[in-house]
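*Asks:* Got coords.csv for you, CSV, N, CA and C atoms:
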```
chain,number,residue,atom,x,y,z
A,1215,MET,N,137.6,-29.9,-13.4
A,1215,MET,CA,136.5,-29.9,-12.4
A,1215,MET,C,135.2,-30.2,-13.2
A,1216,ARG,N,134.4,-31.1,-12.6
A,1216,ARG,CA,133.1,-31.5,-13.2
A,1216,ARG,C,132.1,-31.2,-12.2
A,1217,ASP,N,131.2,-30.3,-12.5
A,1217,ASP,CA,130.1,-29.9,-11.6
A,1217,ASP,C,128.8,-30.3,-12.1
A,1218,THR,N,128.7,-31.1,-13.2
A,1218,THR,CA,127.5,-31.6,-13.8
A,1218,THR,C,127.3,-33.0,-13.5
A,1219,PRO,N,126.2,-33.4,-12.9
A,1219,PRO,CA,126.0,-34.8,-12.6
A,1219,PRO,C,126.1,-35.7,-13.9
A,1220,GLU,N,126.6,-36.9,-13.7
A,1220,GLU,CA,126.9,-37.8,-14.8
A,1220,GLU,C,125.7,-38.1,-15.6
A,1221,HIS,N,124.5,-38.3,-15.0
A,1221,HIS,CA,123.3,-38.6,-15.8
A,1221,HIS,C,122.9,-37.5,-16.7
A,1222,ILE,N,123.2,-36.2,-16.3
A,1222,ILE,CA,122.9,-35.1,-17.1
A,1222,ILE,C,123.9,-35.1,-18.3
A,1223,ASN,N,125.2,-35.3,-18.0
A,1223,ASN,CA,126.2,-35.4,-19.1
A,1223,ASN,C,125.8,-36.5,-20.1
A,1224,ASP,N,125.3,-37.7,-19.6
A,1224,ASP,CA,124.8,-38.7,-20.5
A,1224,ASP,C,123.6,-38.3,-21.4
A,1225,LYS,N,122.7,-37.6,-20.8
A,1225,LYS,CA,121.5,-37.1,-21.6
A,1225,LYS,C,122.0,-36.1,-22.6
A,1226,TYR,N,122.9,-35.2,-22.3
A,1226,TYR,CA,123.4,-34.2,-23.2
A,1226,TYR,C,124.1,-34.9,-24.4
A,1227,SER,N,125.0,-35.9,-24.1
A,1227,SER,CA,125.7,-36.6,-25.1
A,1227,SER,C,124.7,-37.3,-26.0
A,1228,ALA,N,123.7,-38.0,-25.5
A,1228,ALA,CA,122.7,-38.7,-26.3
A,1228,ALA,C,121.9,-37.7,-27.2
A,1229,MET,N,121.6,-36.5,-26.6
A,1229,MET,CA,120.9,-35.5,-27.4
A,1229,MET,C,121.8,-35.1,-28.6
A,1230,LEU,N,123.1,-34.8,-28.4
A,1230,LEU,CA,124.0,-34.4,-29.5
A,1230,LEU,C,124.1,-35.5,-30.5
A,1231,LEU,N,124.1,-36.8,-30.1
A,1231,LEU,CA,124.3,-37.9,-31.1
A,1231,LEU,C,123.0,-38.0,-31.9
A,1232,ARG,N,121.9,-37.5,-31.5
A,1232,ARG,CA,120.6,-37.6,-32.3
A,1232,ARG,C,120.6,-36.5,-33.4
A,1233,ILE,N,121.5,-35.5,-33.3
A,1233,ILE,CA,121.5,-34.5,-34.3
A,1233,ILE,C,122.4,-34.9,-35.4
A,1234,SER,N,122.0,-34.6,-36.6
A,1234,SER,CA,122.8,-35.0,-37.8
A,1234,SER,C,124.2,-34.3,-37.8
A,1235,PRO,N,125.2,-34.9,-38.4
A,1235,PRO,CA,126.5,-34.3,-38.5
A,1235,PRO,C,126.4,-32.9,-39.1
A,1236,ALA,N,125.6,-32.8,-40.1
A,1236,ALA,CA,125.4,-31.5,-40.8
A,1236,ALA,C,124.9,-30.4,-39.8
A,1237,GLU,N,124.0,-30.8,-39.0
A,1237,GLU,CA,123.4,-29.8,-38.0
A,1237,GLU,C,124.5,-29.5,-36.9
A,1238,ARG,N,125.2,-30.5,-36.5
A,1238,ARG,CA,126.3,-30.3,-35.5
A,1238,ARG,C,127.3,-29.3,-36.1
A,1239,LEU,N,127.7,-29.5,-37.4
A,1239,LEU,CA,128.6,-28.5,-38.0
A,1239,LEU,C,128.0,-27.1,-38.1
A,1240,ALA,N,126.7,-27.0,-38.4
A,1240,ALA,CA,126.1,-25.7,-38.5
A,1240,ALA,C,126.1,-25.1,-37.1
A,1241,MET,N,125.8,-25.9,-36.0
A,1241,MET,CA,125.9,-25.4,-34.7
A,1241,MET,C,127.3,-24.8,-34.3
A,1242,ALA,N,128.3,-25.6,-34.7
A,1242,ALA,CA,129.7,-25.2,-34.5
A,1242,ALA,C,130.0,-23.9,-35.2
A,1243,CYS,N,129.5,-23.7,-36.4
A,1243,CYS,CA,129.8,-22.5,-37.2
A,1243,CYS,C,129.1,-21.3,-36.5
A,1244,ARG,N,127.8,-21.5,-36.1
A,1244,ARG,CA,127.1,-20.4,-35.4
A,1244,ARG,C,127.8,-20.0,-34.1
A,1245,MET,N,128.4,-21.0,-33.4
A,1245,MET,CA,129.1,-20.7,-32.1
A,1245,MET,C,130.4,-19.9,-32.4
A,1246,LEU,N,131.1,-20.3,-33.5
A,1246,LEU,CA,132.3,-19.6,-33.9
A,1246,LEU,C,131.9,-18.1,-34.3
A,1247,ASP,N,130.8,-18.0,-35.1
A,1247,ASP,CA,130.4,-16.6,-35.4
A,1247,ASP,C,130.1,-15.8,-34.2
A,1248,THR,N,129.4,-16.4,-33.2
A,1248,THR,CA,129.1,-15.7,-32.0
A,1248,THR,C,130.3,-15.3,-31.2
A,1249,ALA,N,131.2,-16.3,-31.1
A,1249,ALA,CA,132.5,-16.0,-30.4
A,1249,ALA,C,133.3,-14.9,-31.0
A,1250,LYS,N,133.3,-14.9,-32.4
A,1250,LYS,CA,134.0,-13.8,-33.1
A,1250,LYS,C,133.3,-12.5,-32.9
A,1251,ALA,N,132.0,-12.4,-32.9
A,1251,ALA,CA,131.3,-11.2,-32.7
A,1251,ALA,C,131.5,-10.6,-31.3
A,1252,LEU,N,131.5,-11.5,-30.3
A,1252,LEU,CA,131.8,-11.1,-28.9
A,1252,LEU,C,133.2,-10.6,-28.8
A,1253,ALA,N,134.2,-11.3,-29.4
A,1253,ALA,CA,135.6,-10.8,-29.3
A,1253,ALA,C,135.7,-9.4,-30.0
A,1254,LEU,N,135.1,-9.3,-31.2
A,1254,LEU,CA,135.2,-8.1,-31.9
A,1254,LEU,C,134.5,-6.9,-31.2
A,1255,ALA,N,133.4,-7.2,-30.4
A,1255,ALA,CA,132.7,-6.1,-29.7
A,1255,ALA,C,133.7,-5.5,-28.6
A,1256,GLY,N,134.6,-6.3,-28.2
A,1256,GLY,CA,135.6,-5.8,-27.2
A,1256,GLY,C,136.8,-5.1,-27.8
A,1257,VAL,N,136.9,-5.0,-29.1
A,1257,VAL,CA,138.0,-4.5,-29.8
A,1257,VAL,C,137.6,-3.1,-30.3
A,1258,PRO,N,138.2,-2.0,-29.8
A,1258,PRO,CA,137.9,-0.7,-30.3
A,1258,PRO,C,138.3,-0.5,-31.8
A,1259,ARG,N,137.4,0.2,-32.5
A,1259,ARG,CA,137.8,0.5,-33.9
A,1259,ARG,C,139.0,1.5,-33.9
A,1260,GLU,N,139.8,1.4,-35.0
A,1260,GLU,CA,140.9,2.3,-35.1
A,1260,GLU,C,140.4,3.7,-35.3
A,1261,GLN,N,141.2,4.6,-34.9
A,1261,GLN,CA,140.9,6.0,-35.1
A,1261,GLN,C,140.9,6.3,-36.6
A,1262,ALA,N,140.1,7.1,-37.1
A,1262,ALA,CA,140.1,7.5,-38.5
A,1262,ALA,C,141.4,8.2,-38.9
A,1263,THR,N,142.1,8.7,-38.0
A,1263,THR,CA,143.3,9.5,-38.3
A,1263,THR,C,144.4,8.5,-38.7
A,1264,THR,N,144.3,7.2,-38.4
A,1264,THR,CA,145.4,6.3,-38.8
A,1264,THR,C,145.4,6.1,-40.3
A,1265,GLY,N,144.3,6.4,-41.0
A,1265,GLY,CA,144.2,6.2,-42.4
A,1265,GLY,C,144.2,4.8,-42.9
A,1266,GLU,N,144.1,3.8,-41.9
A,1266,GLU,CA,144.0,2.4,-42.2
A,1266,GLU,C,142.7,1.8,-41.8
A,1267,SER,N,142.2,1.0,-42.6
A,1267,SER,CA,141.0,0.3,-42.2
A,1267,SER,C,141.3,-1.2,-42.2
A,1268,ARG,N,141.2,-1.8,-41.0
A,1268,ARG,CA,141.5,-3.2,-40.9
A,1268,ARG,C,140.3,-4.1,-40.9
A,1269,SER,N,140.5,-5.3,-41.3
A,1269,SER,CA,139.4,-6.3,-41.3
A,1269,SER,C,139.1,-6.7,-39.9
A,1270,ALA,N,138.0,-7.3,-39.7
A,1270,ALA,CA,137.7,-7.8,-38.3
A,1270,ALA,C,138.7,-8.8,-37.8
A,1271,SER,N,139.2,-9.7,-38.7
A,1271,SER,CA,140.2,-10.7,-38.3
A,1271,SER,C,141.5,-10.0,-37.9
A,1272,GLN,N,141.9,-8.9,-38.6
A,1272,GLN,CA,143.1,-8.2,-38.3
A,1272,GLN,C,143.0,-7.5,-36.9
A,1273,ARG,N,141.8,-6.9,-36.7
A,1273,ARG,CA,141.6,-6.1,-35.4
A,1273,ARG,C,141.6,-7.1,-34.3
A,1274,ILE,N,141.0,-8.2,-34.4
A,1274,ILE,CA,141.0,-9.2,-33.3
A,1274,ILE,C,142.4,-9.7,-33.1
A,1275,PHE,N,143.1,-10.1,-34.1
A,1275,PHE,CA,144.5,-10.5,-34.0
A,1275,PHE,C,145.3,-9.5,-33.3
A,1276,LEU,N,145.3,-8.3,-33.7
A,1276,LEU,CA,146.1,-7.2,-33.1
A,1276,LEU,C,145.7,-7.0,-31.6
A,1277,HIS,N,144.5,-7.1,-31.3
A,1277,HIS,CA,144.0,-6.9,-29.9
A,1277,HIS,C,144.6,-7.9,-29.0
A,1278,PHE,N,144.6,-9.2,-29.5
A,1278,PHE,CA,145.1,-10.3,-28.6
A,1278,PHE,C,146.6,-10.5,-28.7
A,1279,TYR,N,147.2,-10.3,-29.9
A,1279,TYR,CA,148.6,-10.8,-30.1
A,1279,TYR,C,149.6,-9.7,-30.5
A,1280,ARG,N,149.2,-8.4,-30.5
A,1280,ARG,CA,150.1,-7.3,-30.9
A,1280,ARG,C,151.5,-7.4,-30.3
A,1281,ASN,N,151.6,-7.7,-29.0
A,1281,ASN,CA,152.9,-7.7,-28.3
A,1281,ASN,C,153.6,-9.0,-28.4
A,1282,ASP,N,153.1,-10.0,-29.1
A,1282,ASP,CA,153.7,-11.3,-29.1
A,1282,ASP,C,154.6,-11.5,-30.3
A,1283,PHE,N,154.6,-10.5,-31.3
A,1283,PHE,CA,155.4,-10.7,-32.5
A,1283,PHE,C,156.2,-9.4,-32.8
A,1284,SER,N,157.2,-9.6,-33.6
A,1284,SER,CA,158.0,-8.5,-34.0
A,1284,SER,C,157.2,-7.7,-35.1
A,1285,THR,N,157.6,-6.5,-35.4
A,1285,THR,CA,156.9,-5.7,-36.4
A,1285,THR,C,156.9,-6.4,-37.7
A,1286,ARG,N,158.0,-7.0,-38.1
A,1286,ARG,CA,158.1,-7.8,-39.4
A,1286,ARG,C,157.1,-8.9,-39.4
A,1287,GLU,N,157.0,-9.7,-38.3
A,1287,GLU,CA,156.1,-10.8,-38.2
A,1287,GLU,C,154.6,-10.3,-38.2
A,1288,LEU,N,154.4,-9.2,-37.5
A,1288,LEU,CA,153.0,-8.6,-37.5
A,1288,LEU,C,152.6,-8.3,-38.9
A,1289,ASP,N,153.5,-7.6,-39.7
A,1289,ASP,CA,153.2,-7.2,-41.0
A,1289,ASP,C,152.8,-8.4,-41.9
A,1290,ARG,N,153.6,-9.5,-41.8
A,1290,ARG,CA,153.4,-10.7,-42.6
A,1290,ARG,C,152.0,-11.3,-42.2
A,1291,ILE,N,151.7,-11.4,-40.9
A,1291,ILE,CA,150.5,-12.0,-40.5
A,1291,ILE,C,149.3,-11.2,-40.9
A,1292,LEU,N,149.4,-9.8,-40.7
A,1292,LEU,CA,148.3,-8.9,-41.1
A,1292,LEU,C,148.1,-9.0,-42.6
A,1293,ASN,N,149.1,-9.1,-43.4
A,1293,ASN,CA,148.9,-9.2,-44.8
A,1293,ASN,C,148.2,-10.5,-45.2
A,1294,GLY,N,148.5,-11.6,-44.5
A,1294,GLY,CA,147.8,-12.8,-44.7
A,1294,GLY,C,146.4,-12.7,-44.3
A,1295,LEU,N,146.1,-12.1,-43.2
A,1295,LEU,CA,144.7,-11.9,-42.8
A,1295,LEU,C,143.9,-11.0,-43.7
A,1296,ALA,N,144.6,-10.1,-44.4
A,1296,ALA,CA,143.9,-9.1,-45.3
A,1296,ALA,C,143.3,-9.9,-46.5
A,1297,ASP,N,143.9,-11.0,-46.8
A,1297,ASP,CA,143.4,-11.8,-47.9
A,1297,ASP,C,142.2,-12.6,-47.6
A,1298,ARG,N,141.8,-12.7,-46.4
A,1298,ARG,CA,140.7,-13.5,-45.9
A,1298,ARG,C,139.4,-12.7,-46.2
A,1299,ASN,N,138.3,-13.4,-46.3
A,1299,ASN,CA,137.0,-12.9,-46.4
A,1299,ASN,C,136.3,-12.9,-45.0
A,1300,ASP,N,136.2,-11.8,-44.3
A,1300,ASP,CA,135.5,-11.8,-43.1
A,1300,ASP,C,134.6,-10.6,-43.0
```
Kindly transcribe the structure held in the file into structure tokens.
*Replies:*
Amino acid sequence: MRDTPEHINDKYSAMLLRISPAERLAMACRMLDTAKALALAGVPREQATTGESRSASQRIFLHFYRNDFSTRELDRILNGLADRND
């Protein structure tokens, strides 16, 4: 579905093309950071009684995909995410 007039899409495209590739990359990175913060805001922190502290990536992954993998697969993925810097 397209609800934006074509001339507005053309103006927007022209505006983006005037921005340097480095600035477009910076914009994309900021959008990713914002999306991650919004997703993380909807993920409750684990109870202190679990004795585990998970990274933001691990918590987001579990929130969205916990039921899609076996326990073994989850452990492997969570271990991989633990190595990330977030």
*Asks:* Using only C-alpha atoms, find the one residue out of A:Ile1274, A:Ser1267, A:Leu1231, A:Tyr1226 that sits nearest to Ala1249 of chain A.
*Replies:*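 Among A:Ile1274, A:Ser1267, A:Leu1231, A:Tyr1226, it is A:Ile1274 that comes nearest to Ala1249 of chain A.
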*Asks:* Using Å and a single decimal, report how far atom CA of Ser1271 of chain A sits from atom N of Leu1239 of chain A.
*Replies:*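 Those two atoms sit 22.6 Å apart.
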*Asks:* May I ask for the distance between atom CA of Leu1288 of chain A and atom CA of Phe1275 of chain A, given in Å to one decimal place?
*Replies:*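 Spanning atom CA of Leu1288 of chain A to atom CA of Phe1275 of chain A is a straight-line distance of 9.4 Å.
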*Asks:* Please determine, counting only N, CA and C atoms, which residue among A:Val1257, A:Met1241, A:Ile1233, A:Leu1246 has the shortest atom-to-atom distance to His1277 of chain A.
*Replies:*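 Closest to His1277 of chain A of all the choices is A:Val1257.
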*Asks:* Using atom C of Gly1294 of chain A and atom N of Ala1242 of chain A as the two end points, give the distance in Å to one decimal.
*Replies:*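 Pair atom C of Gly1294 of chain A / atom N of Ala1242 of chain A returns 24.2 Å.
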